Amino acid sequence: MKTVVITGGTSGIGRALAHTCLDRGDQVVVVAPNPAKGEAFLDRARQAGAGDRAHFIQADLSLVAETRRVVAEIAGKFPVVDALVLCARYFRSHRAVTAEGFEHNFALYYLSRYVIGYGLVDQLDRAANPVVVNVAGPGVVKEGVRWDDLQLERDYDGWASMEHGGRLSDLLGVSFAGQGHRARYVLLFPGGISTEFAGEFDPASAVTAEEKKRAGDPVESSIPRIVDHIDSPPREPLSAFMEDTRLEITGEAFDRDAAARLADITRDLLRDKLGVS
């Protein structure tokens, strides 16, 4: 039995993965903001006789303080984490700033993955075959990192914001994998999937989201790819996949100097804004 932690685990890919892992006998910890959806996950688990292996932590991962609380709660209950699967995303047509002063997408899509990944590294490294699966869009560089505007104060666009978060996730994977941890880091684009597209949409963005839903594959089609990485992580510290195709870890998307630069900036931001080391 593996212990699998899934952020964004009450909708879309995260929910389907949570149900799959629970049904096959794993212990599953779901982290998400909606208590009703969390209770629905727990109810389904109880009805299936798996209530003792299902856990829900309500949290708004766009807040660093909440993410740190989640890390502490998981670390206190589960000395070993076999897999951490990062799925939490939320689309916004208009720029929003969290109560801690971070742009929302930067906070949820990047900072939460940074904080929870490094926060649970001890629990991961105690596992026999640990892995972090960052569900994003690796390797596709339409626009480079906006070093002078990381939180998109200028010319904000919702779809570009999601793509920018993916670029930061690529560099997060590079820096994490370079730390010498036992846990392998997998960057995975699971395919064009018809998910719920959680978010707040203006009319034009809503039309685009509906088109993506109609064109996407069923959510369930993405799950075997993720489960394969949970059960048999690649040998390399870092790997990236577009569906089943392995990508070369080269080029601008995976630049080590850029990854180190982003890591330094992130540490400074967390220290200066929140006093977090």
# chains A, B, ... in the order shown; residues from 1 in each chain; ligands from 1
$ residues_around --residues "A:Arg146" --least-positions-apart "2" --cutoff "12 Å" --atoms "only C-alpha atoms" --output "VMD selection string"
chain A and resid 106 141 to 144 148 to 156 160 to 161 163 to 165 167 to 168 258 262
$ select_by_dssp --residues "stretch 123-188 of chain A" --states "strand (DSSP E)" --output "ChimeraX atom specification"
/A:131-135,184-188
$ select_by_dssp --residues "stretch 25-74 of chain A" --states "alpha helix (DSSP H)" --output "list in words"
Pro35, Ala36, Lys37, Gly38, Glu39, Ala40, Phe41, Leu42, Asp43, Arg44, Ala45, Arg46, Gln47, Val64, Ala65, Glu66, Thr67, Arg68, Arg69, Val70, Val71, Ala72, Glu73 and Ile74 of chain A
$ write_last_selection --atoms "C-alpha atoms" --output "PDB file, in the first residue's frame"
ATOM      1  CA  PRO A  35     -15.367  21.053   1.923  1.00  0.00           C
ATOM      2  CA  ALA A  36     -18.447  19.690   0.138  1.00  0.00           C
ATOM      3  CA  LYS A  37     -16.305  18.052  -2.528  1.00  0.00           C
ATOM      4  CA  GLY A  38     -13.987  16.739   0.158  1.00  0.00           C
ATOM      5  CA  GLU A  39     -16.894  15.184   2.033  1.00  0.00           C
ATOM      6  CA  ALA A  40     -18.114  13.610  -1.221  1.00  0.00           C
ATOM      7  CA  PHE A  41     -14.694  11.973  -1.629  1.00  0.00           C
ATOM      8  CA  LEU A  42     -14.818  10.647   1.933  1.00  0.00           C
ATOM      9  CA  ASP A  43     -18.409   9.423   1.520  1.00  0.00           C
ATOM     10  CA  ARG A  44     -17.503   7.469  -1.589  1.00  0.00           C
ATOM     11  CA  ALA A  45     -14.542   5.944   0.244  1.00  0.00           C
ATOM     12  CA  ARG A  46     -16.708   4.903   3.200  1.00  0.00           C
ATOM     13  CA  GLN A  47     -19.305   3.335   0.901  1.00  0.00           C
ATOM     14  CA  VAL A  64       1.611  30.011   1.620  1.00  0.00           C
ATOM     15  CA  ALA A  65       0.523  29.866   5.254  1.00  0.00           C
ATOM     16  CA  GLU A  66      -2.179  27.347   4.335  1.00  0.00           C
ATOM     17  CA  THR A  67       0.250  25.276   2.305  1.00  0.00           C
ATOM     18  CA  ARG A  68       2.683  25.202   5.217  1.00  0.00           C
ATOM     19  CA  ARG A  69      -0.155  24.089   7.510  1.00  0.00           C
ATOM     20  CA  VAL A  70      -0.921  21.258   5.087  1.00  0.00           C
ATOM     21  CA  VAL A  71       2.729  20.209   5.079  1.00  0.00           C
ATOM     22  CA  ALA A  72       2.789  20.133   8.880  1.00  0.00           C
ATOM     23  CA  GLU A  73      -0.443  18.116   9.070  1.00  0.00           C
ATOM     24  CA  ILE A  74       0.704  15.542   6.523  1.00  0.00           C
TER      25      ILE A  74
END
$ residues_around --residues "A:Ile223" --least-positions-apart "3" --cutoff "6 Å" --atoms "only C-alpha atoms" --output "VMD selection string"
chain A and resid 17 220 226
$ write_last_selection --atoms "N, CA, C and O atoms" --output "short mmCIF file (atom, residue, chain, number, x, y, z; two decimals), in the first residue's frame"
data_model
loop_
_atom_site.label_atom_id
_atom_site.label_comp_id
_atom_site.auth_asym_id
_atom_site.auth_seq_id
_atom_site.Cartn_x
_atom_site.Cartn_y
_atom_site.Cartn_z
N LEU A 17 -7.78 10.46 -10.23
CA LEU A 17 -6.60 9.76 -9.71
C LEU A 17 -6.83 9.31 -8.28
O LEU A 17 -6.47 8.18 -7.91
N GLU A 220 -10.46 10.12 -17.52
CA GLU A 220 -9.94 8.79 -17.16
C GLU A 220 -8.78 8.36 -18.04
O GLU A 220 -7.96 7.52 -17.63
N ILE A 226 -0.30 8.68 -15.12
CA ILE A 226 0.15 9.14 -13.81
C ILE A 226 0.44 7.95 -12.90
O ILE A 226 1.45 7.92 -12.19
#
$ residues_around --residues "A:Ala59" --least-positions-apart "6" --cutoff "7 Å" --atoms "only C-alpha atoms" --output "PyMOL selection string"
chain A and resi 31-33+66
$ residues_around --residues "stretch 126-132 of chain A" --least-positions-apart "5" --cutoff "6 Å" --atoms "only C-alpha atoms" --output "list in words"
Val80, Asp82, Ala83, Leu84, Val85, Ala183, Arg184 and Tyr185 of chain A
$ write_last_selection --atoms "N, CA and C atoms" --output "PDB file, in the first residue's frame"
ATOM      1  N   VAL A  80       5.837   8.546   6.026  1.00  0.00           N
ATOM      2  CA  VAL A  80       6.315   8.195   4.688  1.00  0.00           C
ATOM      3  C   VAL A  80       5.262   8.609   3.665  1.00  0.00           C
ATOM      4  N   ASP A  82       4.793   8.150  -0.423  1.00  0.00           N
ATOM      5  CA  ASP A  82       5.352   7.503  -1.604  1.00  0.00           C
ATOM      6  C   ASP A  82       5.268   8.373  -2.854  1.00  0.00           C
ATOM      7  N   ALA A  83       4.174   9.123  -2.973  1.00  0.00           N
ATOM      8  CA  ALA A  83       3.982   9.935  -4.172  1.00  0.00           C
ATOM      9  C   ALA A  83       3.256  11.224  -3.824  1.00  0.00           C
ATOM     10  N   LEU A  84       3.741  12.306  -4.381  1.00  0.00           N
ATOM     11  CA  LEU A  84       3.091  13.607  -4.284  1.00  0.00           C
ATOM     12  C   LEU A  84       2.709  14.013  -5.697  1.00  0.00           C
ATOM     13  N   VAL A  85       1.411  14.184  -5.935  1.00  0.00           N
ATOM     14  CA  VAL A  85       0.920  14.524  -7.268  1.00  0.00           C
ATOM     15  C   VAL A  85       0.307  15.919  -7.209  1.00  0.00           C
ATOM     16  N   ALA A 183      13.760  11.329  -3.967  1.00  0.00           N
ATOM     17  CA  ALA A 183      12.524  11.423  -4.738  1.00  0.00           C
ATOM     18  C   ALA A 183      12.826  11.896  -6.156  1.00  0.00           C
ATOM     19  N   ARG A 184      12.300  11.162  -7.138  1.00  0.00           N
ATOM     20  CA  ARG A 184      12.398  11.595  -8.528  1.00  0.00           C
ATOM     21  C   ARG A 184      11.312  12.628  -8.815  1.00  0.00           C
ATOM     22  N   TYR A 185      11.573  13.508  -9.778  1.00  0.00           N
ATOM     23  CA  TYR A 185      10.638  14.578 -10.131  1.00  0.00           C
ATOM     24  C   TYR A 185      10.215  14.371 -11.575  1.00  0.00           C
TER      25      TYR A 185
END
$ closest_residue --among "A:Glu100, A:Asp170, A:Asp52, A:Asp26" --to "A:Ala263" --atoms "only C-alpha atoms"
A:Asp170
$ closest_atom_pairs --of "stretch 42-124 of chain A" --to "stretch 7-16 of chain A" --cutoff "7 Å" --atoms "only C-alpha atoms" --output "tab-separated table"
residue	atom	partner	partner_atom	distance
A:Val85	CA	A:Thr7	CA	6.5
A:Leu86	CA	A:Thr7	CA	5.2
A:Cys87	CA	A:Gly8	CA	5.1
A:Ala88	CA	A:Gly8	CA	4.0
$ residues_around --residues "A:Ala96" --least-positions-apart "5" --cutoff "12 Å" --atoms "only C-alpha atoms" --output "PDB file with N, CA, C and O atoms, in the first residue's frame"
ATOM      1  N   SER A  62      -3.437  28.680  -2.485  1.00  0.00           N
ATOM      2  CA  SER A  62      -2.894  29.940  -2.990  1.00  0.00           C
ATOM      3  C   SER A  62      -2.276  30.762  -1.872  1.00  0.00           C
ATOM      4  O   SER A  62      -1.611  31.771  -2.127  1.00  0.00           O
ATOM      5  N   TYR A  90      -6.218  26.973 -11.016  1.00  0.00           N
ATOM      6  CA  TYR A  90      -7.465  27.736 -11.020  1.00  0.00           C
ATOM      7  C   TYR A  90      -7.300  28.890 -11.989  1.00  0.00           C
ATOM      8  O   TYR A  90      -6.430  29.741 -11.810  1.00  0.00           O
ATOM      9  N   PHE A  91      -8.137  28.918 -13.006  1.00  0.00           N
ATOM     10  CA  PHE A  91      -8.033  29.933 -14.054  1.00  0.00           C
ATOM     11  C   PHE A  91      -8.671  31.240 -13.604  1.00  0.00           C
ATOM     12  O   PHE A  91      -9.737  31.254 -12.990  1.00  0.00           O
ATOM     13  N   GLY A 101      -0.294  38.948  -0.755  1.00  0.00           N
ATOM     14  CA  GLY A 101       0.347  39.864  -1.680  1.00  0.00           C
ATOM     15  C   GLY A 101       0.957  39.243  -2.921  1.00  0.00           C
ATOM     16  O   GLY A 101       1.715  39.903  -3.635  1.00  0.00           O
ATOM     17  N   PHE A 102       0.605  37.985  -3.218  1.00  0.00           N
ATOM     18  CA  PHE A 102       1.113  37.331  -4.419  1.00  0.00           C
ATOM     19  C   PHE A 102       0.012  37.257  -5.482  1.00  0.00           C
ATOM     20  O   PHE A 102      -1.167  37.079  -5.160  1.00  0.00           O
ATOM     21  N   GLU A 103       0.414  37.355  -6.750  1.00  0.00           N
ATOM     22  CA  GLU A 103      -0.540  37.120  -7.835  1.00  0.00           C
ATOM     23  C   GLU A 103      -1.067  35.695  -7.702  1.00  0.00           C
ATOM     24  O   GLU A 103      -0.317  34.766  -7.417  1.00  0.00           O
ATOM     25  N   HIS A 104      -2.371  35.521  -7.889  1.00  0.00           N
ATOM     26  CA  HIS A 104      -3.020  34.263  -7.524  1.00  0.00           C
ATOM     27  C   HIS A 104      -2.455  33.060  -8.261  1.00  0.00           C
ATOM     28  O   HIS A 104      -2.186  32.015  -7.651  1.00  0.00           O
ATOM     29  N   ASN A 105      -2.277  33.166  -9.571  1.00  0.00           N
ATOM     30  CA  ASN A 105      -1.782  32.022 -10.321  1.00  0.00           C
ATOM     31  C   ASN A 105      -0.342  31.691  -9.944  1.00  0.00           C
ATOM     32  O   ASN A 105       0.022  30.525  -9.807  1.00  0.00           O
ATOM     33  N   PHE A 106       0.470  32.712  -9.753  1.00  0.00           N
ATOM     34  CA  PHE A 106       1.842  32.508  -9.301  1.00  0.00           C
ATOM     35  C   PHE A 106       1.848  31.780  -7.954  1.00  0.00           C
ATOM     36  O   PHE A 106       2.652  30.865  -7.728  1.00  0.00           O
ATOM     37  N   ALA A 107       0.934  32.170  -7.078  1.00  0.00           N
ATOM     38  CA  ALA A 107       0.872  31.566  -5.743  1.00  0.00           C
ATOM     39  C   ALA A 107       0.394  30.123  -5.793  1.00  0.00           C
ATOM     40  O   ALA A 107       0.971  29.244  -5.135  1.00  0.00           O
ATOM     41  N   LEU A 108      -0.674  29.860  -6.547  1.00  0.00           N
ATOM     42  CA  LEU A 108      -1.264  28.518  -6.552  1.00  0.00           C
ATOM     43  C   LEU A 108      -0.494  27.551  -7.436  1.00  0.00           C
ATOM     44  O   LEU A 108      -0.174  26.431  -7.031  1.00  0.00           O
ATOM     45  N   GLN A 151       5.130  38.162 -11.560  1.00  0.00           N
ATOM     46  CA  GLN A 151       3.752  38.066 -11.105  1.00  0.00           C
ATOM     47  C   GLN A 151       2.777  38.806 -12.018  1.00  0.00           C
ATOM     48  O   GLN A 151       1.642  39.095 -11.631  1.00  0.00           O
ATOM     49  N   LEU A 152       3.226  39.070 -13.225  1.00  0.00           N
ATOM     50  CA  LEU A 152       2.365  39.517 -14.324  1.00  0.00           C
ATOM     51  C   LEU A 152       1.542  40.749 -13.968  1.00  0.00           C
ATOM     52  O   LEU A 152       0.324  40.782 -14.155  1.00  0.00           O
ATOM     53  N   GLU A 153       2.218  41.747 -13.511  1.00  0.00           N
ATOM     54  CA  GLU A 153       1.534  43.012 -13.230  1.00  0.00           C
ATOM     55  C   GLU A 153       1.196  43.772 -14.504  1.00  0.00           C
ATOM     56  O   GLU A 153       0.275  44.597 -14.526  1.00  0.00           O
ATOM     57  N   TYR A 156      -1.595  41.409 -18.244  1.00  0.00           N
ATOM     58  CA  TYR A 156      -2.072  40.119 -17.750  1.00  0.00           C
ATOM     59  C   TYR A 156      -3.069  39.494 -18.731  1.00  0.00           C
ATOM     60  O   TYR A 156      -3.956  40.170 -19.256  1.00  0.00           O
ATOM     61  N   ASP A 157      -2.927  38.214 -18.942  1.00  0.00           N
ATOM     62  CA  ASP A 157      -3.872  37.416 -19.729  1.00  0.00           C
ATOM     63  C   ASP A 157      -4.012  36.060 -19.045  1.00  0.00           C
ATOM     64  O   ASP A 157      -3.005  35.455 -18.657  1.00  0.00           O
ATOM     65  N   GLY A 158      -5.243  35.585 -18.882  1.00  0.00           N
ATOM     66  CA  GLY A 158      -5.457  34.355 -18.129  1.00  0.00           C
ATOM     67  C   GLY A 158      -4.763  33.148 -18.710  1.00  0.00           C
ATOM     68  O   GLY A 158      -4.130  32.368 -17.984  1.00  0.00           O
ATOM     69  N   SER A 161      -1.072  33.444 -18.397  1.00  0.00           N
ATOM     70  CA  SER A 161      -0.698  33.235 -17.000  1.00  0.00           C
ATOM     71  C   SER A 161      -0.534  31.749 -16.701  1.00  0.00           C
ATOM     72  O   SER A 161       0.409  31.339 -16.005  1.00  0.00           O
ATOM     73  N   GLY A 199     -12.407  27.827 -12.353  1.00  0.00           N
ATOM     74  CA  GLY A 199     -11.905  29.179 -12.451  1.00  0.00           C
ATOM     75  C   GLY A 199     -12.994  30.220 -12.554  1.00  0.00           C
ATOM     76  O   GLY A 199     -14.186  29.929 -12.408  1.00  0.00           O
ATOM     77  N   GLU A 200     -12.555  31.434 -12.822  1.00  0.00           N
ATOM     78  CA  GLU A 200     -13.448  32.568 -13.034  1.00  0.00           C
ATOM     79  C   GLU A 200     -13.161  33.105 -14.428  1.00  0.00           C
ATOM     80  O   GLU A 200     -12.055  33.588 -14.704  1.00  0.00           O
TER      81      GLU A 200
END
$ closest_residue --among "A:Thr3, A:Ser175, A:Thr20, A:Thr208" --to "A:Ser93" --atoms "only C-alpha atoms"
A:Thr208
$ residues_around --residues "A:Val174" --least-positions-apart "3" --cutoff "10 Å" --atoms "only C-alpha atoms" --output "PyMOL selection string"
chain A and resi 168-171+177-179+185-187+237-239+249+253-260+263
$ closest_residue --among "A:Gln58, A:Asn34, A:Thr245, A:Gln123" --to "A:Pro79" --atoms "only C-alpha atoms"
A:Gln123
$ closest_residue --among "A:Val219, A:Leu172, A:Ala99, A:Leu120" --to "A:Val4" --atoms "only C-alpha atoms"
A:Leu120
$ atom_distance --atom1 "atom CA of A:Arg113" --atom2 "atom CA of A:Ala136"
11.0 Å
